[in-house]
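Report on one structure; see the data block that follows.
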Amino acid sequence: MPQKITIDPVTRVEGHGKVTIRLDDAGHVEQARLHIVEFRGFERFVQGRPYWEVPVLVQRLCGICPVSHHLAGAKAVDEIVGVKPSTGTQLTKPAEKLRRLMHYGQMFQSHVLHFFYLCSPDLVFGVDGDIATRNIVGIAQAAPELATKAILMRKFGQEIIKATAGKKIHGISAVPGGIHKNLSIEERDYFLNGKDIPNIDTMIEWSAEAVAFFKDFHAKNQTWSDTFAAHNSAHMGLVSKDGGMDFYHGNLRVVDSTGRVLLDDVDYHHYLDHLGEETKSWSYMKFPFLKLQGSQDGWYRVGPLARVNVCDYIPSKLANEEYEIMRAYTHGKPNNMTMHYHWARLIETLHAAEVMKELLNDPDLQKTNLITKGTKTAEGIGVIEAPRGTLLHHYRVGADDRVTMCNLIVSTTHNNNAMNAAVTQAALDMMEGNTTITEPMMNGIEVAIRAYDPCLSCATHALGQMPLEVTLIDSKDNVLDVRVR
Amino acid sequence: MTYVFDSKQPLFIYGIGNVGRQDDGLGWAFIEALEDNPPSNVETFRNYQLNIEDAEIISHYSQVLFVDASKSESVETFRCRAVEPYASLSFTSHYLSMESVLALCQNVYNKTPVTHVIEIRGYAWELQQGLTNQAQQNLDMAVGFFKNRIKSAYADLS
């Protein structure tokens, strides 16, 4: 009799995900799906609110990456107040640099959290390690220095956010057309002099150590790292005009699994021309795809691995050296190895630290020309590269300045198809030929999902667009009950 | 419910929640209720969720009180209980248990502050600001309970 194994919730992943794996009589994997059951309806929640509230309001989407939503929302409302480079009006240099510092601080702390908290227990203890120790406390016992550094790196990023956003959570500093505070000399020196917390040079040093940690792991576990949950896909991300990695601004580029450029230099304001979204009856999260290739074949990945795959270089010395090493590993071709998300994430961590140092030493951050205004418009689109990937905010406002339309495509939604592909591959890797599910097998599935660092609670798009449907089926796919509301 | 406040030592109170999701804001509302007339020797903090760096923060205190909303039906109005260090697998990048934070503090900083949690029963969790009336009543009871304990501690001192 076919077996249906359900893992619910997916431990160590935000919100409520559910994985369903169907095995046939012979124990072969027949189907594996990641179900998204978290339901938030944020797009409707924003409608009717004054546009200037958006940057603060959208932070409620996620407790881990509020800064990403804060800045994507701010970029969109910049355009509503007429600050849009294509019209000749843009943020002042100090305002953009302060926002960048905030964003790179966010990237740094989020990546550190993911690697040390979610990923390192699996790497240190193994996918089949004892569950009693396979966690951050186990890391603290086995490698206390690593845990201490992780905590201090995370704290450094949080303090950068506090200094630039006004506070660690619910920052209020990014406002339509700019930012309301600069970085004082005293605030700057806190990060440079190392008196109160380890300084930015130490952050760079520890970030480089983290990259070395992964490369050492990879050298010892090459086959597993290269093959586990690996699958081909296209990759999408923002790049600067000259093809460099840029987390804050740029144009969209998409390459396929072999390196063929599918889209390049695409102004994100035209995203609707290039991206479609499909719904599937078994998931509350939409499935984005490239219109160029259609819903069946046009799915792609976003996030650290995709960003490394789409950019031509990383604009900071140490991170670019590591980028060259990583790219050389796949002979300059896109890297489709899911576990290498961790490698890319740590290179980005190093890059974020280097950029923070450059910005902290920039005297523009003490200047006071922080706000710009232009001719008001009724629509704004903001896109940034959030820790988990490309994040898109799109708003329209009415004559009363209230939001009439909100469309969000969050990173985890972009990765929906890819995560399902990874889950399927992991199921094939771990469960093929087995009729019982062991703890290592279950954790293996979760390892595949965690590589994407999905944030399921900020994956919106459900309210009003898709009914809430609960279907009960037996092992032969007979539908026993369906409830829709 | 047993909770003893040592008035000679600073108390760190950590409110957890999201005020954008109705009763999930109970932890923050508790902090706000205290900030109107803050007891001496009490420091407050609020966040969406616990994080690994909180292990460092609580390592500076000998007594810690977490305050969070509860969905559990076993919590009639509110409940105060002790927290013991315990490392668990069930934490996510977006969720870390207070037991794990305490265990991390113990392992990394060799400190184990006396830790309690006040769980306040909530009922609604949609995208909306403001507590339900019933949650507000539970909050008032929890705040009253805490203030009485504070008052008793200072009375004992005098």
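Naming works like this for the structure tokens: A, B, ... for the chains as they're shown, residue 1 at the start of each chain, ligands 1 onward in shown order.
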inquiry  = So that I can see what lies close to region 226-231 of chain A, please list as a PyMOL selection string the residues with an atom at most 9 Å from it, counting only C-alpha atoms and leaving out residues fewer than 4 positions away in the same chain.
reply    = chain A and resi 218+221-222+336-340+418+421-430+444-445+447-448
task = Mind listing the strand (DSSP E or B) residues of chain B, per DSSP on the backbone, as a PyMOL selection string?
result = chain B and resi 11-16+21+42-47+63-70+78-83+92+95+114-121+128
inquiry  = Show me, as number ranges by chain, the residues of chain B whose atoms get within 12 Å of chain A, using only C-alpha atoms for the distance check.
reply    = B: 16-22, 24-25, 45-57, 85-97, 99-110, 125-129
Please, could you write that set of residues out with C-alpha atoms as an mmCIF file, in the first residue's frame?
data_model
loop_
_atom_site.group_PDB
_atom_site.id
_atom_site.type_symbol
_atom_site.label_atom_id
_atom_site.label_comp_id
_atom_site.auth_asym_id
_atom_site.auth_seq_id
_atom_site.Cartn_x
_atom_site.Cartn_y
_atom_site.Cartn_z
ATOM 1 C CA ILE B 16 7.654 39.345 22.882
ATOM 2 C CA GLY B 17 5.116 39.788 20.065
ATOM 3 C CA ASN B 18 3.779 41.636 17.039
ATOM 4 C CA VAL B 19 1.365 44.471 17.690
ATOM 5 C CA GLY B 20 0.178 44.199 14.091
ATOM 6 C CA ARG B 21 -1.469 40.868 14.824
ATOM 7 C CA GLN B 22 -4.042 41.606 17.499
ATOM 8 C CA ASP B 24 0.072 38.736 19.611
ATOM 9 C CA GLY B 25 0.838 42.235 20.916
ATOM 10 C CA PHE B 45 12.777 45.586 26.228
ATOM 11 C CA ARG B 46 10.515 44.414 23.431
ATOM 12 C CA ASN B 47 10.990 42.492 20.212
ATOM 13 C CA TYR B 48 9.062 40.389 17.718
ATOM 14 C CA GLN B 49 10.779 37.247 18.813
ATOM 15 C CA LEU B 50 13.759 35.947 20.699
ATOM 16 C CA ASN B 51 17.114 35.903 18.932
ATOM 17 C CA ILE B 52 20.494 34.355 19.615
ATOM 18 C CA GLU B 53 22.003 37.680 20.705
ATOM 19 C CA ASP B 54 19.453 37.819 23.506
ATOM 20 C CA ALA B 55 21.637 35.259 25.270
ATOM 21 C CA GLU B 56 24.264 37.982 25.586
ATOM 22 C CA ILE B 57 21.732 40.565 26.733
ATOM 23 C CA PRO B 85 17.545 26.082 30.320
ATOM 24 C CA TYR B 86 16.777 23.471 27.716
ATOM 25 C CA ALA B 87 18.195 23.053 24.228
ATOM 26 C CA SER B 88 15.574 21.930 21.754
ATOM 27 C CA LEU B 89 15.503 21.104 18.075
ATOM 28 C CA SER B 90 12.172 22.720 17.442
ATOM 29 C CA PHE B 91 13.418 26.251 17.129
ATOM 30 C CA THR B 92 13.421 27.949 13.707
ATOM 31 C CA SER B 93 15.270 30.931 12.314
ATOM 32 C CA HIS B 94 12.113 32.841 13.114
ATOM 33 C CA TYR B 95 11.474 31.189 16.421
ATOM 34 C CA LEU B 96 13.781 30.557 19.328
ATOM 35 C CA SER B 97 12.433 29.349 22.645
ATOM 36 C CA GLU B 99 14.547 27.852 27.224
ATOM 37 C CA SER B 100 17.055 27.762 24.355
ATOM 38 C CA VAL B 101 18.117 31.376 24.925
ATOM 39 C CA LEU B 102 18.724 30.537 28.566
ATOM 40 C CA ALA B 103 20.660 27.401 27.596
ATOM 41 C CA LEU B 104 22.734 29.430 25.153
ATOM 42 C CA CYS B 105 23.430 32.021 27.852
ATOM 43 C CA GLN B 106 24.485 29.257 30.207
ATOM 44 C CA ASN B 107 26.789 27.621 27.682
ATOM 45 C CA VAL B 108 28.368 30.696 26.117
ATOM 46 C CA TYR B 109 28.484 33.116 29.046
ATOM 47 C CA ASN B 110 28.397 30.753 32.022
ATOM 48 C CA TRP B 125 -4.256 36.741 15.655
ATOM 49 C CA GLU B 126 -5.317 38.457 12.443
ATOM 50 C CA LEU B 127 -3.605 41.391 10.732
ATOM 51 C CA GLN B 128 -5.120 44.094 12.855
ATOM 52 C CA GLN B 129 -3.924 46.407 15.567
#
task = Go through B:Pro10, B:Pro38, B:Gly15, B:Gly130 one by one, measure the shortest atom-to-atom distance of each to Ser62 (chain B) using only C-alpha atoms, and give the residue with the smallest value.
result = B:Pro10
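If you look at CA of Leu183 (chain A) and CA of Pro94 (chain A), they are 9.7 Å away from each other.
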request  = Would you mind listing what lies within 9 Å of region 68-74 of chain B as a ChimeraX atom specification, with only C-alpha atoms counted and same-chain residues fewer than 2 positions away left out?
outcome  = /B:14-17,23-28,30,66,76,78,117-124
request  = Enter the distance from CA of Gly177 (chain A) to CA of Ala353 (chain A), in Å, rounded to one decimal.
outcome  =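 Spanning CA of Gly177 (chain A) to CA of Ala353 (chain A) is a straight-line distance of 26.4 Å.
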task = For region 272-279 of chain A, please output as a list in words all residues within 9 Å (counting only C-alpha atoms; exclusion window: fewer than 6 positions along the same chain).
result =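 With the cut-off at 9 Å, the set is Leu263, Val266, Met285, Lys286, Phe287, Pro288, Phe289, Leu290, Lys291, Leu292, Gly294, Ser295 and Met466 of chain A.
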With C-alpha atoms retained, export the selected residues as a compact mmCIF listing (two decimals), in the first residue's frame.
# COMPACT_ATOMS: atom_id res chain seq x y z
CA LEU A 263 16.92 38.53 -19.38
CA VAL A 266 15.56 44.80 -17.32
CA MET A 285 1.62 30.48 -2.20
CA LYS A 286 1.80 31.52 -5.83
CA PHE A 287 4.35 30.12 -8.26
CA PRO A 288 6.13 32.88 -10.22
CA PHE A 289 7.62 32.14 -13.63
CA LEU A 290 9.34 33.85 -16.54
CA LYS A 291 6.76 34.61 -19.21
CA LEU A 292 9.48 34.05 -21.77
CA GLY A 294 6.06 29.76 -19.56
CA SER A 295 4.82 28.43 -16.26
CA MET A 466 -7.62 32.10 -3.62
request  = Please give the complete set of residues from region 15-149 of chain B that DSSP, run on the backbone, assigns to alpha helix (DSSP H), formatted as a count of residues only.
outcome  = 44
Please provide as an mmCIF file with N, CA, C and O atoms, in the first residue's frame all residues within 12 Å of Val56 (chain A), with the sequence filter that same-chain residues fewer than 2 positions apart are discarded (counting only C-alpha atoms).
data_model
loop_
_atom_site.group_PDB
_atom_site.id
_atom_site.type_symbol
_atom_site.label_atom_id
_atom_site.label_comp_id
_atom_site.auth_asym_id
_atom_site.auth_seq_id
_atom_site.Cartn_x
_atom_site.Cartn_y
_atom_site.Cartn_z
ATOM 1 N N VAL A 46 -2.777 46.645 3.755
ATOM 2 C CA VAL A 46 -2.148 47.935 3.443
ATOM 3 C C VAL A 46 -3.123 48.868 2.727
ATOM 4 O O VAL A 46 -3.018 50.092 2.831
ATOM 5 N N ARG A 49 -4.503 52.658 3.637
ATOM 6 C CA ARG A 49 -3.609 53.389 4.535
ATOM 7 C C ARG A 49 -2.882 54.479 3.758
ATOM 8 O O ARG A 49 -2.575 54.311 2.575
ATOM 9 N N PRO A 50 -2.575 55.621 4.388
ATOM 10 C CA PRO A 50 -1.817 56.675 3.707
ATOM 11 C C PRO A 50 -0.461 56.137 3.239
ATOM 12 O O PRO A 50 0.177 55.357 3.953
ATOM 13 N N TYR A 51 -0.038 56.559 2.056
ATOM 14 C CA TYR A 51 1.178 55.972 1.479
ATOM 15 C C TYR A 51 2.407 56.184 2.346
ATOM 16 O O TYR A 51 3.318 55.371 2.368
ATOM 17 N N TRP A 52 2.440 57.308 3.097
ATOM 18 C CA TRP A 52 3.635 57.576 3.885
ATOM 19 C C TRP A 52 3.779 56.633 5.071
ATOM 20 O O TRP A 52 4.832 56.554 5.681
ATOM 21 N N GLU A 53 2.708 55.906 5.387
ATOM 22 C CA GLU A 53 2.812 54.913 6.469
ATOM 23 C C GLU A 53 3.453 53.603 5.997
ATOM 24 O O GLU A 53 3.842 52.775 6.811
ATOM 25 N N VAL A 54 3.527 53.439 4.658
ATOM 26 C CA VAL A 54 3.935 52.142 4.112
ATOM 27 C C VAL A 54 5.280 51.652 4.651
ATOM 28 O O VAL A 54 5.384 50.504 5.110
ATOM 29 N N VAL A 58 4.899 48.043 6.642
ATOM 30 C CA VAL A 58 5.278 46.764 6.027
ATOM 31 C C VAL A 58 6.296 45.984 6.842
ATOM 32 O O VAL A 58 6.503 44.795 6.604
ATOM 33 N N GLN A 59 6.886 46.630 7.820
ATOM 34 C CA GLN A 59 7.828 45.883 8.660
ATOM 35 C C GLN A 59 7.127 44.807 9.465
ATOM 36 O O GLN A 59 7.749 43.869 9.950
ATOM 37 N N ARG A 60 5.813 44.964 9.617
ATOM 38 C CA ARG A 60 5.052 43.959 10.365
ATOM 39 C C ARG A 60 4.992 42.631 9.626
ATOM 40 O O ARG A 60 4.519 41.636 10.159
ATOM 41 N N LEU A 61 5.435 42.641 8.365
ATOM 42 C CA LEU A 61 5.417 41.406 7.582
ATOM 43 C C LEU A 61 6.310 40.347 8.193
ATOM 44 O O LEU A 61 6.031 39.160 8.097
ATOM 45 N N CYS A 62 7.417 40.761 8.756
ATOM 46 C CA CYS A 62 8.400 39.763 9.159
ATOM 47 C C CYS A 62 9.257 40.282 10.301
ATOM 48 O O CYS A 62 9.764 41.402 10.238
ATOM 49 N N PRO A 66 12.546 42.845 8.792
ATOM 50 C CA PRO A 66 11.724 44.046 8.647
ATOM 51 C C PRO A 66 12.417 45.138 7.846
ATOM 52 O O PRO A 66 11.759 45.914 7.155
ATOM 53 N N VAL A 67 13.754 45.201 7.928
ATOM 54 C CA VAL A 67 14.483 46.253 7.217
ATOM 55 C C VAL A 67 14.311 46.101 5.704
ATOM 56 O O VAL A 67 14.179 47.089 4.981
ATOM 57 N N SER A 68 14.289 44.871 5.223
ATOM 58 C CA SER A 68 14.126 44.645 3.786
ATOM 59 C C SER A 68 12.792 45.206 3.317
ATOM 60 O O SER A 68 12.712 45.878 2.281
ATOM 61 N N HIS A 69 11.740 44.910 4.067
ATOM 62 C CA HIS A 69 10.427 45.438 3.694
ATOM 63 C C HIS A 69 10.378 46.956 3.883
ATOM 64 O O HIS A 69 9.774 47.667 3.075
ATOM 65 N N HIS A 70 10.991 47.437 4.931
ATOM 66 C CA HIS A 70 11.054 48.884 5.198
ATOM 67 C C HIS A 70 11.661 49.606 3.988
ATOM 68 O O HIS A 70 11.116 50.604 3.506
ATOM 69 N N LEU A 71 12.764 49.081 3.465
ATOM 70 C CA LEU A 71 13.463 49.766 2.373
ATOM 71 C C LEU A 71 12.793 49.541 1.015
ATOM 72 O O LEU A 71 12.764 50.459 0.186
ATOM 73 N N ALA A 72 12.263 48.358 0.776
ATOM 74 C CA ALA A 72 11.543 48.148 -0.491
ATOM 75 C C ALA A 72 10.305 49.043 -0.522
ATOM 76 O O ALA A 72 9.991 49.656 -1.559
ATOM 77 N N GLY A 73 9.616 49.137 0.622
ATOM 78 C CA GLY A 73 8.457 50.019 0.711
ATOM 79 C C GLY A 73 8.864 51.474 0.537
ATOM 80 O O GLY A 73 8.191 52.254 -0.155
ATOM 81 N N ALA A 74 9.985 51.847 1.140
ATOM 82 C CA ALA A 74 10.463 53.234 1.029
ATOM 83 C C ALA A 74 10.827 53.567 -0.417
ATOM 84 O O ALA A 74 10.525 54.668 -0.907
ATOM 85 N N VAL A 77 7.593 54.259 -2.244
ATOM 86 C CA VAL A 77 6.942 55.544 -1.937
ATOM 87 C C VAL A 77 7.830 56.727 -2.324
ATOM 88 O O VAL A 77 7.330 57.836 -2.506
ATOM 89 N N ALA A 165 18.389 53.036 11.432
ATOM 90 C CA ALA A 165 16.927 52.987 11.323
ATOM 91 C C ALA A 165 16.245 53.639 12.522
ATOM 92 O O ALA A 165 15.027 53.785 12.535
ATOM 93 N N GLY A 166 17.029 54.012 13.529
ATOM 94 C CA GLY A 166 16.445 54.636 14.708
ATOM 95 C C GLY A 166 16.253 53.643 15.831
ATOM 96 O O GLY A 166 16.389 53.964 16.983
ATOM 97 N N LYS A 167 15.904 52.420 15.479
ATOM 98 C CA LYS A 167 15.789 51.359 16.470
ATOM 99 C C LYS A 167 15.959 50.019 15.776
ATOM 100 O O LYS A 167 15.882 49.918 14.557
ATOM 101 N N ILE A 169 14.077 47.338 15.800
ATOM 102 C CA ILE A 169 12.869 46.871 15.132
ATOM 103 C C ILE A 169 11.933 48.047 14.916
ATOM 104 O O ILE A 169 11.966 49.024 15.652
ATOM 105 N N HIS A 170 11.112 47.923 13.890
ATOM 106 C CA HIS A 170 10.192 49.006 13.544
ATOM 107 C C HIS A 170 10.927 50.315 13.332
ATOM 108 O O HIS A 170 10.545 51.349 13.868
ATOM 109 N N GLY A 171 11.999 50.244 12.545
ATOM 110 C CA GLY A 171 12.738 51.462 12.236
ATOM 111 C C GLY A 171 11.842 52.467 11.529
ATOM 112 O O GLY A 171 10.897 52.112 10.835
ATOM 113 N N ILE A 172 12.157 53.713 11.743
ATOM 114 C CA ILE A 172 11.300 54.755 11.181
ATOM 115 C C ILE A 172 12.081 55.726 10.320
ATOM 116 O O ILE A 172 11.540 56.726 9.867
ATOM 117 N N SER A 173 13.343 55.434 10.048
ATOM 118 C CA SER A 173 14.173 56.476 9.457
ATOM 119 C C SER A 173 13.974 56.655 7.957
ATOM 120 O O SER A 173 14.107 57.760 7.449
ATOM 121 N N ALA A 174 13.688 55.585 7.206
ATOM 122 C CA ALA A 174 13.486 55.756 5.767
ATOM 123 C C ALA A 174 12.098 56.346 5.548
ATOM 124 O O ALA A 174 11.090 55.754 5.920
ATOM 125 N N VAL A 175 12.066 57.516 4.965
ATOM 126 C CA VAL A 175 10.800 58.226 4.729
ATOM 127 C C VAL A 175 10.688 58.513 3.236
ATOM 128 O O VAL A 175 11.689 58.418 2.504
ATOM 129 N N PRO A 176 9.489 58.837 2.750
ATOM 130 C CA PRO A 176 9.367 59.128 1.316
ATOM 131 C C PRO A 176 10.363 60.209 0.881
ATOM 132 O O PRO A 176 10.359 61.308 1.419
ATOM 133 N N GLY B 20 0.977 44.176 15.311
ATOM 134 C CA GLY B 20 0.178 44.199 14.091
ATOM 135 C C GLY B 20 -0.727 42.989 13.954
ATOM 136 O O GLY B 20 -1.460 42.860 12.966
#
message = Considering only C-alpha atoms, can you say which of B:Thr44, B:Ile58, B:Val114, B:Ser152 comes closest to Ala29 (chain B)?
response = B:Thr44
ask   = CA of Val308 (chain A) to CA of Val211 (chain A): how many Å, to one decimal?
value =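 About the pair CA of Val308 (chain A) and CA of Val211 (chain A): they are 14.3 Å apart.
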